[in-house]
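Source file: protein-v7.pdb; contents: PDB, C-alpha atoms and all ligand atoms.
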ATOM      1  CA  MET A   1       0.000   0.000   0.000
ATOM      2  CA  LYS A   2       2.764   2.447   0.908
ATOM      3  CA  LYS A   3       4.552   1.886  -2.401
ATOM      4  CA  PHE A   4       1.291   2.452  -4.212
ATOM      5  CA  LEU A   5       0.733   5.762  -2.441
ATOM      6  CA  LEU A   6       4.257   6.892  -3.162
ATOM      7  CA  MET A   7       3.766   6.210  -6.842
ATOM      8  CA  LEU A   8       0.587   8.273  -6.884
ATOM      9  CA  LEU A   9       2.412  11.135  -5.269
ATOM     10  CA  PHE A  10       5.033  11.188  -7.999
ATOM     11  CA  THR A  11       2.507  11.078 -10.804
ATOM     12  CA  PHE A  12       0.523  13.915  -9.302
ATOM     13  CA  ASN A  13      -0.762  16.576 -11.654
ATOM     14  CA  SER A  14       0.018  20.278 -11.318
ATOM     15  CA  ASN A  15      -3.700  20.964 -11.826
ATOM     16  CA  ALA A  16      -4.393  19.278  -8.492
ATOM     17  CA  VAL A  17      -5.202  22.558  -6.815
ATOM     18  CA  CYS A  18      -8.239  24.543  -5.775
ATOM     19  CA  VAL A  19      -6.927  27.647  -7.554
ATOM     20  CA  HIS A  20      -3.673  28.553  -9.299
ATOM     21  CA  GLU A  21      -2.347  31.188  -6.939
ATOM     22  CA  TYR A  22       1.024  32.883  -7.200
ATOM     23  CA  THR A  23       2.894  36.097  -6.484
ATOM     24  CA  ILE A  24       4.463  37.848  -9.428
ATOM     25  CA  GLN A  25       6.657  40.909  -9.866
ATOM     26  CA  GLY A  26       4.911  43.765 -11.706
ATOM     27  CA  GLU A  27       7.583  43.760 -14.391
ATOM     28  CA  LYS A  28       6.962  40.104 -15.182
ATOM     29  CA  LEU A  29       3.204  40.554 -14.970
ATOM     30  CA  LEU A  30       3.409  43.256 -17.657
ATOM     31  CA  SER A  31       5.162  40.878 -20.023
ATOM     32  CA  GLN A  32       2.733  38.028 -19.309
ATOM     33  CA  LEU A  33      -0.507  39.982 -19.241
ATOM     34  CA  HIS A  34      -1.404  39.234 -22.876
ATOM     35  CA  THR A  35      -1.277  35.477 -22.219
ATOM     36  CA  MET A  36      -3.663  35.624 -19.248
ATOM     37  CA  ASN A  37      -7.362  34.760 -19.448
ATOM     38  CA  GLU A  38      -9.204  38.020 -18.848
ATOM     39  CA  MET A  39     -12.343  36.250 -17.627
ATOM     40  CA  THR A  40     -10.744  33.962 -15.045
ATOM     41  CA  SER A  41      -7.543  35.727 -13.920
ATOM     42  CA  TYR A  42      -7.912  37.860 -10.807
ATOM     43  CA  TYR A  43      -5.479  40.080  -8.908
ATOM     44  CA  GLN A  44      -5.581  40.985  -5.236
ATOM     45  CA  LYS A  45      -6.149  44.612  -4.354
ATOM     46  CA  LYS A  46      -4.661  46.458  -1.369
ATOM     47  CA  ASP A  47      -7.780  45.821   0.725
ATOM     48  CA  GLY A  48      -7.389  42.070   0.162
ATOM     49  CA  THR A  49     -10.307  41.642  -2.245
ATOM     50  CA  PHE A  50      -9.901  40.167  -5.708
ATOM     51  CA  GLU A  51     -10.877  41.717  -9.004
ATOM     52  CA  VAL A  52     -10.591  40.625 -12.651
ATOM     53  CA  ILE A  53      -7.198  41.351 -14.131
ATOM     54  CA  GLN A  54      -8.797  43.559 -16.810
ATOM     55  CA  SER A  55      -9.598  46.189 -14.215
ATOM     56  CA  LEU A  56      -5.925  46.517 -13.220
ATOM     57  CA  LYS A  57      -5.297  49.819 -14.961
ATOM     58  CA  LYS A  58      -1.701  50.544 -13.981
ATOM     59  CA  ILE A  59       0.954  47.978 -13.165
ATOM     60  CA  ASN A  60       3.894  49.087 -11.083
ATOM     61  CA  PRO A  61       6.966  47.116 -12.283
ATOM     62  CA  SER A  62       8.494  47.085  -8.803
ATOM     63  CA  HIS A  63       5.358  45.926  -6.963
ATOM     64  CA  LYS A  64       4.457  42.341  -6.246
ATOM     65  CA  TYR A  65       0.997  41.099  -7.238
ATOM     66  CA  VAL A  66      -0.970  38.118  -5.972
ATOM     67  CA  ILE A  67      -2.762  36.426  -8.861
ATOM     68  CA  GLN A  68      -5.465  33.749  -8.777
ATOM     69  CA  GLU A  69      -6.211  31.861 -11.983
ATOM     70  CA  ASN A  70      -9.736  30.548 -11.479
ATOM     71  CA  HIS A  71     -11.692  27.635 -12.860
ATOM     72  CA  PRO A  72     -13.416  28.292 -16.212
ATOM     73  CA  THR A  73     -16.535  30.463 -16.025
ATOM     74  CA  ILE A  74     -19.719  28.452 -15.404
ATOM     75  CA  LYS A  75     -21.925  29.046 -18.432
ATOM     76  CA  LYS A  76     -25.686  28.724 -18.911
ATOM     77  CA  ASP A  77     -25.497  25.219 -20.429
ATOM     78  CA  TYR A  78     -23.351  23.875 -17.564
ATOM     79  CA  ASP A  79     -25.913  21.311 -16.380
ATOM     80  CA  GLU A  80     -26.175  19.858 -19.895
ATOM     81  CA  ARG A  81     -22.440  19.192 -19.926
ATOM     82  CA  TYR A  82     -21.439  18.503 -16.339
ATOM     83  CA  ILE A  83     -22.822  16.962 -13.160
ATOM     84  CA  GLN A  84     -25.556  19.334 -12.012
ATOM     85  CA  TYR A  85     -24.423  22.558 -10.385
ATOM     86  CA  TYR A  86     -25.331  22.663  -6.687
ATOM     87  CA  SER A  87     -27.310  25.860  -6.129
ATOM     88  CA  TYR A  88     -28.228  27.867  -3.050
ATOM     89  CA  GLN A  89     -31.869  26.852  -3.566
ATOM     90  CA  ARG A  90     -30.840  23.189  -3.493
ATOM     91  CA  MET A  91     -29.182  23.825  -0.136
ATOM     92  CA  ILE A  92     -32.391  25.347   1.226
ATOM     93  CA  ASN A  93     -34.376  22.325   0.002
ATOM     94  CA  PHE A  94     -31.853  19.909   1.463
ATOM     95  CA  MET A  95     -31.946  21.637   4.840
ATOM     96  CA  SER A  96     -35.736  21.266   4.991
ATOM     97  CA  GLU A  97     -35.430  17.645   3.859
ATOM     98  CA  VAL A  98     -33.229  16.757   6.859
ATOM     99  CA  THR A  99     -34.938  18.963   9.471
ATOM    100  CA  SER A 100     -37.041  16.283  11.170
ATOM    101  CA  ARG A 101     -34.122  13.838  11.236
ATOM    102  CA  LEU A 102     -31.927  16.510  12.805
ATOM    103  CA  ASN A 103     -34.575  17.220  15.443
ATOM    104  CA  SER A 104     -34.909  13.581  16.369
ATOM    105  CA  LEU A 105     -31.132  13.374  16.905
ATOM    106  CA  ASP A 106     -31.083  16.543  19.034
ATOM    107  CA  TYR A 107     -29.377  18.723  16.490
ATOM    108  CA  LYS A 108     -30.358  22.277  15.816
ATOM    109  CA  LEU A 109     -30.516  23.696  12.341
ATOM    110  CA  GLU A 110     -29.930  27.423  12.563
ATOM    111  CA  VAL A 111     -29.656  30.418  10.336
ATOM    112  CA  ILE A 112     -26.745  32.034  12.154
ATOM    113  CA  GLY A 113     -26.643  35.158  10.034
ATOM    114  CA  LYS A 114     -26.841  36.468   6.523
ATOM    115  CA  SER A 115     -24.438  36.800   3.641
ATOM    116  CA  ILE A 116     -23.652  40.256   2.292
ATOM    117  CA  GLU A 117     -26.536  39.934  -0.157
ATOM    118  CA  GLY A 118     -28.864  38.625   2.552
ATOM    119  CA  ARG A 119     -28.812  34.865   1.959
ATOM    120  CA  ASN A 120     -28.923  32.412   4.848
ATOM    121  CA  LEU A 121     -25.783  31.139   6.519
ATOM    122  CA  TYR A 122     -26.766  27.728   7.856
ATOM    123  CA  SER A 123     -25.262  25.695  10.619
ATOM    124  CA  ILE A 124     -26.036  22.294  12.028
ATOM    125  CA  SER A 125     -24.811  21.636  15.551
ATOM    126  CA  PRO A 126     -25.763  19.525  18.590
ATOM    127  CA  LYS A 127     -28.239  21.117  21.025
ATOM    128  CA  ARG A 128     -25.836  19.937  23.695
ATOM    129  CA  ILE A 129     -22.335  18.630  23.164
ATOM    130  CA  ASP A 130     -22.247  15.104  24.547
ATOM    131  CA  PRO A 131     -19.042  14.571  26.553
ATOM    132  CA  LYS A 132     -19.028  10.907  25.544
ATOM    133  CA  LYS A 133     -18.993  11.616  21.820
ATOM    134  CA  LYS A 134     -16.367  12.899  19.440
ATOM    135  CA  VAL A 135     -17.129  15.929  17.328
ATOM    136  CA  ILE A 136     -16.683  16.160  13.561
ATOM    137  CA  LEU A 137     -16.369  19.661  12.135
ATOM    138  CA  MET A 138     -17.153  20.271   8.470
ATOM    139  CA  PHE A 139     -17.348  23.265   6.157
ATOM    140  CA  ALA A 140     -18.327  23.444   2.529
ATOM    141  CA  ARG A 141     -18.387  26.060  -0.173
ATOM    142  CA  HIS A 142     -15.896  28.647   1.015
ATOM    143  CA  HIS A 143     -15.588  29.017  -2.738
ATOM    144  CA  GLY A 144     -18.957  29.672  -4.309
ATOM    145  CA  ASP A 145     -18.344  28.001  -7.654
ATOM    146  CA  GLU A 146     -17.199  24.625  -6.287
ATOM    147  CA  GLY A 147     -20.557  22.881  -6.402
ATOM    148  CA  THR A 148     -19.485  19.234  -6.341
ATOM    149  CA  ALA A 149     -18.379  19.688  -2.725
ATOM    150  CA  ASN A 150     -22.004  20.098  -1.643
ATOM    151  CA  TRP A 151     -23.142  16.845  -3.272
ATOM    152  CA  ILE A 152     -20.514  15.094  -1.176
ATOM    153  CA  VAL A 153     -21.793  16.869   1.944
ATOM    154  CA  GLU A 154     -25.332  15.648   1.149
ATOM    155  CA  GLY A 155     -24.087  12.069   0.914
ATOM    156  CA  PHE A 156     -22.139  12.499   4.140
ATOM    157  CA  LEU A 157     -24.990  14.007   6.138
ATOM    158  CA  LYS A 158     -27.701  11.638   4.918
ATOM    159  CA  LYS A 159     -25.596   8.619   5.780
ATOM    160  CA  ALA A 160     -24.354  10.073   9.083
ATOM    161  CA  LEU A 161     -27.880  10.859  10.280
ATOM    162  CA  THR A 162     -29.142   7.362   9.520
ATOM    163  CA  THR A 163     -26.206   5.279  10.775
ATOM    164  CA  LYS A 164     -26.481   4.092  14.361
ATOM    165  CA  ALA A 165     -22.788   3.266  14.654
ATOM    166  CA  PHE A 166     -22.000   6.842  13.671
ATOM    167  CA  ASN A 167     -24.480   8.511  16.004
ATOM    168  CA  GLN A 168     -23.336   6.451  18.972
ATOM    169  CA  LYS A 169     -19.810   7.766  18.557
ATOM    170  CA  PHE A 170     -20.040  11.187  16.959
ATOM    171  CA  GLN A 171     -21.719  14.546  16.795
ATOM    172  CA  ILE A 172     -21.432  16.938  13.867
ATOM    173  CA  VAL A 173     -20.903  20.662  13.571
ATOM    174  CA  LEU A 174     -21.491  21.601   9.945
ATOM    175  CA  TYR A 175     -21.471  24.856   7.962
ATOM    176  CA  PRO A 176     -22.801  23.544   4.657
ATOM    177  CA  MET A 177     -22.562  26.691   2.530
ATOM    178  CA  VAL A 178     -20.108  29.317   3.719
ATOM    179  CA  ASN A 179     -20.432  31.471   0.606
ATOM    180  CA  PRO A 180     -24.041  31.438  -0.668
ATOM    181  CA  ASP A 181     -23.617  34.659  -2.687
ATOM    182  CA  GLY A 182     -20.687  33.109  -4.533
ATOM    183  CA  ALA A 183     -22.731  29.939  -5.079
ATOM    184  CA  GLU A 184     -25.560  31.983  -6.566
ATOM    185  CA  SER A 185     -23.301  34.070  -8.822
ATOM    186  CA  LYS A 186     -21.225  30.973  -9.643
ATOM    187  CA  ARG A 187     -17.952  32.486  -8.652
ATOM    188  CA  ARG A 188     -15.208  31.780  -6.165
ATOM    189  CA  TYR A 189     -15.388  35.038  -4.227
ATOM    190  CA  ASN A 190     -18.036  36.571  -2.017
ATOM    191  CA  LYS A 191     -19.998  39.654  -3.025
ATOM    192  CA  LYS A 192     -17.132  41.960  -2.030
ATOM    193  CA  GLY A 193     -14.539  39.977  -3.969
ATOM    194  CA  ARG A 194     -13.083  38.268  -0.913
ATOM    195  CA  ASP A 195     -11.662  34.798  -1.056
ATOM    196  CA  LEU A 196     -13.382  33.482   2.086
ATOM    197  CA  ASN A 197     -10.714  30.841   2.548
ATOM    198  CA  ARG A 198      -8.201  33.670   2.948
ATOM    199  CA  SER A 199     -10.428  35.494   5.430
ATOM    200  CA  TRP A 200     -10.009  33.663   8.775
ATOM    201  CA  GLY A 201      -8.320  35.802  11.419
ATOM    202  CA  VAL A 202      -7.053  34.664  14.824
ATOM    203  CA  SER A 203     -10.326  35.984  16.246
ATOM    204  CA  PRO A 204     -13.635  36.966  14.607
ATOM    205  CA  SER A 205     -12.750  40.677  14.803
ATOM    206  CA  LYS A 206      -9.769  39.919  12.557
ATOM    207  CA  SER A 207     -11.919  37.929  10.108
ATOM    208  CA  TYR A 208     -13.991  39.185   7.213
ATOM    209  CA  ASP A 209     -17.613  39.196   6.121
ATOM    210  CA  GLU A 210     -19.378  35.786   6.271
ATOM    211  CA  ILE A 211     -16.384  34.254   8.048
ATOM    212  CA  ARG A 212     -16.768  36.623  10.987
ATOM    213  CA  THR A 213     -20.346  35.379  11.546
ATOM    214  CA  ILE A 214     -19.371  31.744  11.163
ATOM    215  CA  GLN A 215     -16.308  32.012  13.376
ATOM    216  CA  GLU A 216     -18.248  33.722  16.186
ATOM    217  CA  HIS A 217     -20.750  30.876  16.073
ATOM    218  CA  LEU A 218     -18.044  28.219  15.838
ATOM    219  CA  ASN A 219     -16.132  29.608  18.818
ATOM    220  CA  ARG A 220     -19.267  29.846  20.942
ATOM    221  CA  THR A 221     -20.735  26.491  19.947
ATOM    222  CA  LEU A 222     -17.664  24.315  19.739
ATOM    223  CA  LEU A 223     -14.118  25.618  20.047
ATOM    224  CA  SER A 224     -14.630  27.212  23.475
ATOM    225  CA  LYS A 225     -15.859  23.827  24.741
ATOM    226  CA  ARG A 226     -14.338  20.990  22.765
ATOM    227  CA  LYS A 227     -11.671  20.124  20.242
ATOM    228  CA  PRO A 228     -13.132  18.273  17.256
ATOM    229  CA  ILE A 229     -11.429  15.009  16.359
ATOM    230  CA  ILE A 230     -11.185  16.157  12.747
ATOM    231  CA  ALA A 231     -12.151  19.135  10.596
ATOM    232  CA  LEU A 232     -12.919  18.688   6.907
ATOM    233  CA  ASP A 233     -13.256  21.590   4.501
ATOM    234  CA  MET A 234     -14.937  20.590   1.248
ATOM    235  CA  HIS A 235     -13.725  22.115  -2.037
ATOM    236  CA  GLY A 236     -13.572  21.627  -5.811
ATOM    237  CA  SER A 237     -10.323  21.153  -7.736
ATOM    238  CA  PHE A 238      -9.352  21.251 -11.412
ATOM    239  CA  THR A 239      -8.436  17.728 -12.495
ATOM    240  CA  GLU A 240      -7.886  15.473  -9.482
ATOM    241  CA  ASP A 241      -9.511  14.466  -6.233
ATOM    242  CA  PHE A 242      -7.104  14.799  -3.348
ATOM    243  CA  ILE A 243      -6.595  15.967   0.230
ATOM    244  CA  TYR A 244      -4.625  19.054   1.273
ATOM    245  CA  ARG A 245      -2.519  18.471   4.391
ATOM    246  CA  VAL A 246       0.315  20.246   6.193
ATOM    247  CA  SER A 247       3.972  19.189   6.024
ATOM    248  CA  LYS A 248       5.820  17.186   8.681
ATOM    249  CA  SER A 249       7.753  20.269   9.727
ATOM    250  CA  PHE A 250       4.565  22.317  10.216
ATOM    251  CA  ALA A 251       3.051  20.375  13.116
ATOM    252  CA  GLY A 252       5.340  17.396  13.742
ATOM    253  CA  GLU A 253       5.584  13.794  12.655
ATOM    254  CA  ASP A 254       2.807  12.401  14.886
ATOM    255  CA  PHE A 255       0.401  14.974  13.509
ATOM    256  CA  TYR A 256       1.505  14.113   9.978
ATOM    257  CA  ASN A 257       0.803  10.435  10.664
ATOM    258  CA  THR A 258      -2.629  11.261  12.080
ATOM    259  CA  GLN A 259      -3.461  13.029   8.841
ATOM    260  CA  GLN A 260      -2.090  10.086   6.860
ATOM    261  CA  ASP A 261      -4.353   7.665   8.744
ATOM    262  CA  PHE A 262      -7.441   9.480   7.490
ATOM    263  CA  ILE A 263      -6.110   9.759   3.929
ATOM    264  CA  SER A 264      -5.188   6.048   3.789
ATOM    265  CA  SER A 265      -8.435   4.877   5.344
ATOM    266  CA  LEU A 266     -10.526   7.027   3.000
ATOM    267  CA  ALA A 267      -8.549   5.628   0.052
ATOM    268  CA  GLU A 268      -9.875   2.161   0.827
ATOM    269  CA  ARG A 269     -13.444   3.394   0.337
ATOM    270  CA  ASP A 270     -13.152   6.192  -2.193
ATOM    271  CA  GLN A 271     -11.703   5.232  -5.565
ATOM    272  CA  TRP A 272     -11.588   8.883  -6.654
ATOM    273  CA  GLN A 273      -9.604  10.123  -3.679
ATOM    274  CA  ALA A 274      -7.424   6.993  -3.861
ATOM    275  CA  GLY A 275      -4.965   8.241  -1.240
ATOM    276  CA  GLN A 276      -3.857  11.272  -3.227
ATOM    277  CA  PHE A 277      -2.693  14.249  -1.247
ATOM    278  CA  ASN A 278      -1.021  17.599  -1.689
ATOM    279  CA  VAL A 279       1.238  18.977   1.045
ATOM    280  CA  SER A 280       0.566  22.663   1.483
ATOM    281  CA  ASN A 281       1.100  24.913   4.466
ATOM    282  CA  GLY A 282      -1.346  27.201   2.778
ATOM    283  CA  HIS A 283      -2.228  30.757   3.554
ATOM    284  CA  LYS A 284      -2.233  32.031   7.121
ATOM    285  CA  LYS A 285      -5.871  33.157   6.880
ATOM    286  CA  MET A 286      -7.112  29.792   5.570
ATOM    287  CA  SER A 287      -9.513  27.845   7.803
ATOM    288  CA  ARG A 288      -7.466  24.626   7.591
ATOM    289  CA  ILE A 289      -4.226  26.365   8.520
ATOM    290  CA  LEU A 290      -5.808  28.353  11.357
ATOM    291  CA  LEU A 291      -7.315  25.200  12.893
ATOM    292  CA  VAL A 292      -4.044  23.265  12.711
ATOM    293  CA  ARG A 293      -1.798  26.102  13.855
ATOM    294  CA  ASP A 294      -3.898  27.739  16.591
ATOM    295  CA  TYR A 295      -5.978  24.785  17.814
ATOM    296  CA  GLY A 296      -3.931  21.691  16.928
ATOM    297  CA  ILE A 297      -6.961  20.211  15.165
ATOM    298  CA  ASN A 298      -6.512  17.510  12.523
ATOM    299  CA  SER A 299      -7.799  19.709   9.748
ATOM    300  CA  LEU A 300      -7.823  18.671   6.087
ATOM    301  CA  THR A 301      -9.164  20.101   2.848
ATOM    302  CA  HIS A 302     -11.128  17.614   0.759
ATOM    303  CA  GLU A 303     -10.935  18.361  -2.958
ATOM    304  CA  SER A 304     -13.042  16.767  -5.659
ATOM    305  CA  ILE A 305     -13.046  17.769  -9.315
ATOM    306  CA  ARG A 306     -15.339  20.761  -9.794
ATOM    307  CA  ASP A 307     -16.462  20.149 -13.372
ATOM    308  CA  ILE A 308     -17.276  16.490 -13.952
ATOM    309  CA  PRO A 309     -18.391  15.871 -17.552
ATOM    310  CA  LEU A 310     -21.551  13.823 -18.041
ATOM    311  CA  ASN A 311     -21.418  10.391 -19.637
ATOM    312  CA  ARG A 312     -17.801   9.739 -18.751
ATOM    313  CA  GLY A 313     -18.467   7.163 -16.080
ATOM    314  CA  ARG A 314     -18.694   9.371 -12.994
ATOM    315  CA  THR A 315     -22.125  10.342 -11.738
ATOM    316  CA  LEU A 316     -23.834  12.472  -9.135
ATOM    317  CA  ASN A 317     -24.405   9.278  -7.201
ATOM    318  CA  ASP A 318     -20.633   8.729  -7.089
ATOM    319  CA  LEU A 319     -20.305  12.073  -5.342
ATOM    320  CA  THR A 320     -22.866  11.209  -2.672
ATOM    321  CA  GLU A 321     -21.082   7.860  -2.272
ATOM    322  CA  GLN A 322     -17.881   9.797  -1.564
ATOM    323  CA  GLY A 323     -19.719  11.497   1.276
ATOM    324  CA  LYS A 324     -20.795   8.115   2.629
ATOM    325  CA  ALA A 325     -17.177   6.924   2.402
ATOM    326  CA  ILE A 326     -16.229   9.696   4.829
ATOM    327  CA  VAL A 327     -18.792   8.384   7.351
ATOM    328  CA  ASP A 328     -17.408   4.841   7.123
ATOM    329  CA  THR A 329     -13.841   6.089   7.395
ATOM    330  CA  LEU A 330     -14.634   8.045  10.563
ATOM    331  CA  ILE A 331     -16.378   5.060  12.152
ATOM    332  CA  GLU A 332     -13.401   2.855  11.439
ATOM    333  CA  LEU A 333     -10.712   5.303  12.493
ATOM    334  CA  TYR A 334     -12.068   6.924  15.626
TER     335      TYR A 334
HETATM  336 ZN    ZN B   1     -11.862  25.871  -3.047
END
Give the structure from the file, written as structure tokens.
Amino acid sequence: MKKFLLMLLFTFNSNAVCVHEYTIQGEKLLSQLHTMNEMTSYYQKKDGTFEVIQSLKKINPSHKYVIQENHPTIKKDYDERYIQYYSYQRMINFMSEVTSRLNSLDYKLEVIGKSIEGRNLYSISPKRIDPKKKVILMFARHHGDEGTANWIVEGFLKKALTTKAFNQKFQIVLYPMVNPDGAESKRRYNKKGRDLNRSWGVSPSKSYDEIRTIQEHLNRTLLSKRKPIIALDMHGSFTEDFIYRVSKSFAGEDFYNTQQDFISSLAERDQWQAGQFNVSNGHKKMSRILLVRDYGINSLTHESIRDIPLNRGRTLNDLTEQGKAIVDTLIELY
């Protein structure tokens, strides 16, 4: 098994990322500008928000610029070509679908606040944290356009809420759609152009927009009381399914091995993930990095391909099965 994993690591694709992000000197940017996609290339402004590269009127050769090359734009005929886009409305419907099940398991489904455009920020959390159970923390849709992540969350939650072996051991804290405005406008950023997975401060007052609301709730509901056994942040990648983890030097060898245990165990149940991982110590305002660094939580980013073409052997059902695979992995591991 180890040899197999090593081989996968070496054959890993450079498109196995959530976004192509890099820092570039203004001088170099000027010479490369004509090769960049004006619809999907964004630069970061002084206030931290992102805007399309077209609107960058003057480039200072001696400045450094942070660039994000996004996924292709989601067009009107998307659902005819790819696995159905997961919309904000679908999230609302799904929340009402699971309401009675949540009630019977003593969870509360809350609208903890609103997005900038006034959409609901949902959370699912236990009415009371049971000291005998371990807590699983999950986020999805920091990036609005990464719809496949939410199909996996549906599979995860449906299976979790109906599996006795899971409910005897675990409770869930879930933020199923962090960026509903981005989901609705089919873009990565929130309404203000913030990358919400670069918006987590050490405390809510240092965080931005939707993250501030979510972090206040998360601190109050969970982090001030208990340390979750694992945190999973669900995203959509370009061409590969994989897990983002931190390096050995970031949090030590034991921590690295703990992360490996989850990756290896999931690989046995998820043929798409298949043990693939990407070591990245990320951005300091990323949820995964904050949770590892400041709380010592086993926090991983789960990436599945964002645009999955229809009729190529992978279906919506495969995505929900990937969510179920997470449930089985947790039961086995913890
Ligand atoms: Zn993402």
Legend entry - Residue nearest Leu316 in chain A among A:Asp328, A:Asp79, A:Asp209, A:Glu184 (counting only C-alpha atoms): A:Asp79
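Nearest to Gly144 in chain A of all the residues A:Leu300, A:Ile59, A:Cys18, A:Ile263 is A:Cys18, counting all atoms listed in the file.
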Legend entry - Contacts of Gln322 in chain A within 7 Å, all atoms listed in the file, excl. fewer than 4 positions in-chain, as a VMD selection string: chain A and resid 152 270 318 326
Legend entry - Distance filter 10 Å around ligand ZN 1 (chain B), atoms: all atoms listed in the file, out as a ChimeraX atom specification: /A:17-19,70-71,140-147,149,188-189,195-197,233-238,301-304,306
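Ranking A:Asn167, A:Glu210, A:Glu69, A:Ser87 by their shortest atom-to-atom distance to Tyr107 in chain A, with only C-alpha atoms included, puts A:Asn167 first.
The space separating CA of Glu216 in chain A from CA of Leu330 in chain A comes to 26.5 Å.
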Legend entry - Spatial neighbours of Lys58 in chain A, 12 Å, only C-alpha atoms, chain gap at least 2 places, as an MDAnalysis selection string: chainID A and resid 26:27 29:30 33 53:56 60:63 65
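Applied to the file shown here, the PyMOL selection byres (((chain A and resi 131) around 12) and not hetatm) selects A:Pro126, A:Arg128, A:Ile129, A:Asp130, A:Lys132, A:Lys133, A:Lys134, A:Val135, A:Gln168, A:Lys169, A:Phe170, A:Gln171, A:Leu222, A:Lys225, A:Arg226, A:Lys227, A:Pro228.
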Inset, instruction - Starting from the displayed file, determine the output of the PyMOL selection byres (((chain A and resi 118) around 12) and not hetatm) and express the residue list as a ChimeraX atom specification. - result: /A:111-117,119-121,179-181,184,190-191,209-210
Legend entry - Separation of CA of Leu218 in chain A from CA of Thr99 in chain A, in Å and rounded to one decimal: 20.3 Å
The PyMOL selection byres (((chain A and resi 255) around 12) and not hetatm) applied to the shown file, residues as an mmCIF file with C-alpha atoms, keeping the file's coordinate frame:
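File part.cif, as written:
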data_model
loop_
_atom_site.group_PDB
_atom_site.id
_atom_site.type_symbol
_atom_site.label_atom_id
_atom_site.label_comp_id
_atom_site.auth_asym_id
_atom_site.auth_seq_id
_atom_site.Cartn_x
_atom_site.Cartn_y
_atom_site.Cartn_z
ATOM 1 C CA ILE A 230 -11.185 16.157 12.747
ATOM 2 C CA ARG A 245 -2.519 18.471 4.391
ATOM 3 C CA VAL A 246 0.315 20.246 6.193
ATOM 4 C CA SER A 247 3.972 19.189 6.024
ATOM 5 C CA LYS A 248 5.820 17.186 8.681
ATOM 6 C CA SER A 249 7.753 20.269 9.727
ATOM 7 C CA PHE A 250 4.565 22.317 10.216
ATOM 8 C CA ALA A 251 3.051 20.375 13.116
ATOM 9 C CA GLY A 252 5.340 17.396 13.742
ATOM 10 C CA GLU A 253 5.584 13.794 12.655
ATOM 11 C CA ASP A 254 2.807 12.401 14.886
ATOM 12 C CA TYR A 256 1.505 14.113 9.978
ATOM 13 C CA ASN A 257 0.803 10.435 10.664
ATOM 14 C CA THR A 258 -2.629 11.261 12.080
ATOM 15 C CA GLN A 259 -3.461 13.029 8.841
ATOM 16 C CA GLN A 260 -2.090 10.086 6.860
ATOM 17 C CA ASP A 261 -4.353 7.665 8.744
ATOM 18 C CA PHE A 262 -7.441 9.480 7.490
ATOM 19 C CA VAL A 292 -4.044 23.265 12.711
ATOM 20 C CA ARG A 293 -1.798 26.102 13.855
ATOM 21 C CA GLY A 296 -3.931 21.691 16.928
ATOM 22 C CA ILE A 297 -6.961 20.211 15.165
ATOM 23 C CA ASN A 298 -6.512 17.510 12.523
ATOM 24 C CA SER A 299 -7.799 19.709 9.748
ATOM 25 C CA LEU A 300 -7.823 18.671 6.087
#
Name all residues at most 7 Å from Leu137 in chain A (count only C-alpha atoms; drop same-chain ones fewer than 5 positions away) and give them as a PDB file with C-alpha atoms, in the coordinates of the input.
ATOM      1  CA  ILE A 172     -21.432  16.938  13.867  1.00  0.00           C
ATOM      2  CA  VAL A 173     -20.903  20.662  13.571  1.00  0.00           C
ATOM      3  CA  LEU A 174     -21.491  21.601   9.945  1.00  0.00           C
ATOM      4  CA  PRO A 228     -13.132  18.273  17.256  1.00  0.00           C
ATOM      5  CA  ILE A 230     -11.185  16.157  12.747  1.00  0.00           C
ATOM      6  CA  ALA A 231     -12.151  19.135  10.596  1.00  0.00           C
ATOM      7  CA  LEU A 232     -12.919  18.688   6.907  1.00  0.00           C
TER       8      LEU A 232
END
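Closest approach to Lys159 in chain A among A:Thr320, A:Ile243, A:Tyr334, A:Lys285: A:Thr320, based on only C-alpha atoms.
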Using only C-alpha atoms, which residues sit within 10 Å of Met95 in chain A once same-chain residues fewer than 3 positions away are excluded, as a PDB file with C-alpha atoms, keeping the file's coordinate frame?
ATOM      1  CA  GLN A  89     -31.869  26.852  -3.566  1.00  0.00           C
ATOM      2  CA  ARG A  90     -30.840  23.189  -3.493  1.00  0.00           C
ATOM      3  CA  MET A  91     -29.182  23.825  -0.136  1.00  0.00           C
ATOM      4  CA  ILE A  92     -32.391  25.347   1.226  1.00  0.00           C
ATOM      5  CA  VAL A  98     -33.229  16.757   6.859  1.00  0.00           C
ATOM      6  CA  THR A  99     -34.938  18.963   9.471  1.00  0.00           C
ATOM      7  CA  SER A 100     -37.041  16.283  11.170  1.00  0.00           C
ATOM      8  CA  LEU A 102     -31.927  16.510  12.805  1.00  0.00           C
ATOM      9  CA  LEU A 109     -30.516  23.696  12.341  1.00  0.00           C
ATOM     10  CA  GLU A 110     -29.930  27.423  12.563  1.00  0.00           C
ATOM     11  CA  TYR A 122     -26.766  27.728   7.856  1.00  0.00           C
ATOM     12  CA  SER A 123     -25.262  25.695  10.619  1.00  0.00           C
ATOM     13  CA  ILE A 124     -26.036  22.294  12.028  1.00  0.00           C
ATOM     14  CA  GLU A 154     -25.332  15.648   1.149  1.00  0.00           C
ATOM     15  CA  PRO A 176     -22.801  23.544   4.657  1.00  0.00           C
TER      16      PRO A 176
END
Inset, instruction - Tell me, in Å to one decimal, how far CA of Asp307 in chain A is from CA of Tyr82 in chain A. - result: 6.0 Å
Inset, instruction - Would you kindly return, as an NGL selection string, each protein, DNA or RNA residue with an atom no farther than 8 Å from any atom of Leu157 in chain A, considering only C-alpha atoms and excluding same-chain residues fewer than 4 positions away? - result: :A and (153 or 161 or 323)
With C-alpha atoms retained, could you export that selection as a PDB file, in the coordinates of the input?
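again.pdb was written with the following content:
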ATOM      1  CA  VAL A 153     -21.793  16.869   1.944  1.00  0.00           C
ATOM      2  CA  LEU A 161     -27.880  10.859  10.280  1.00  0.00           C
ATOM      3  CA  GLY A 323     -19.719  11.497   1.276  1.00  0.00           C
TER       4      GLY A 323
END
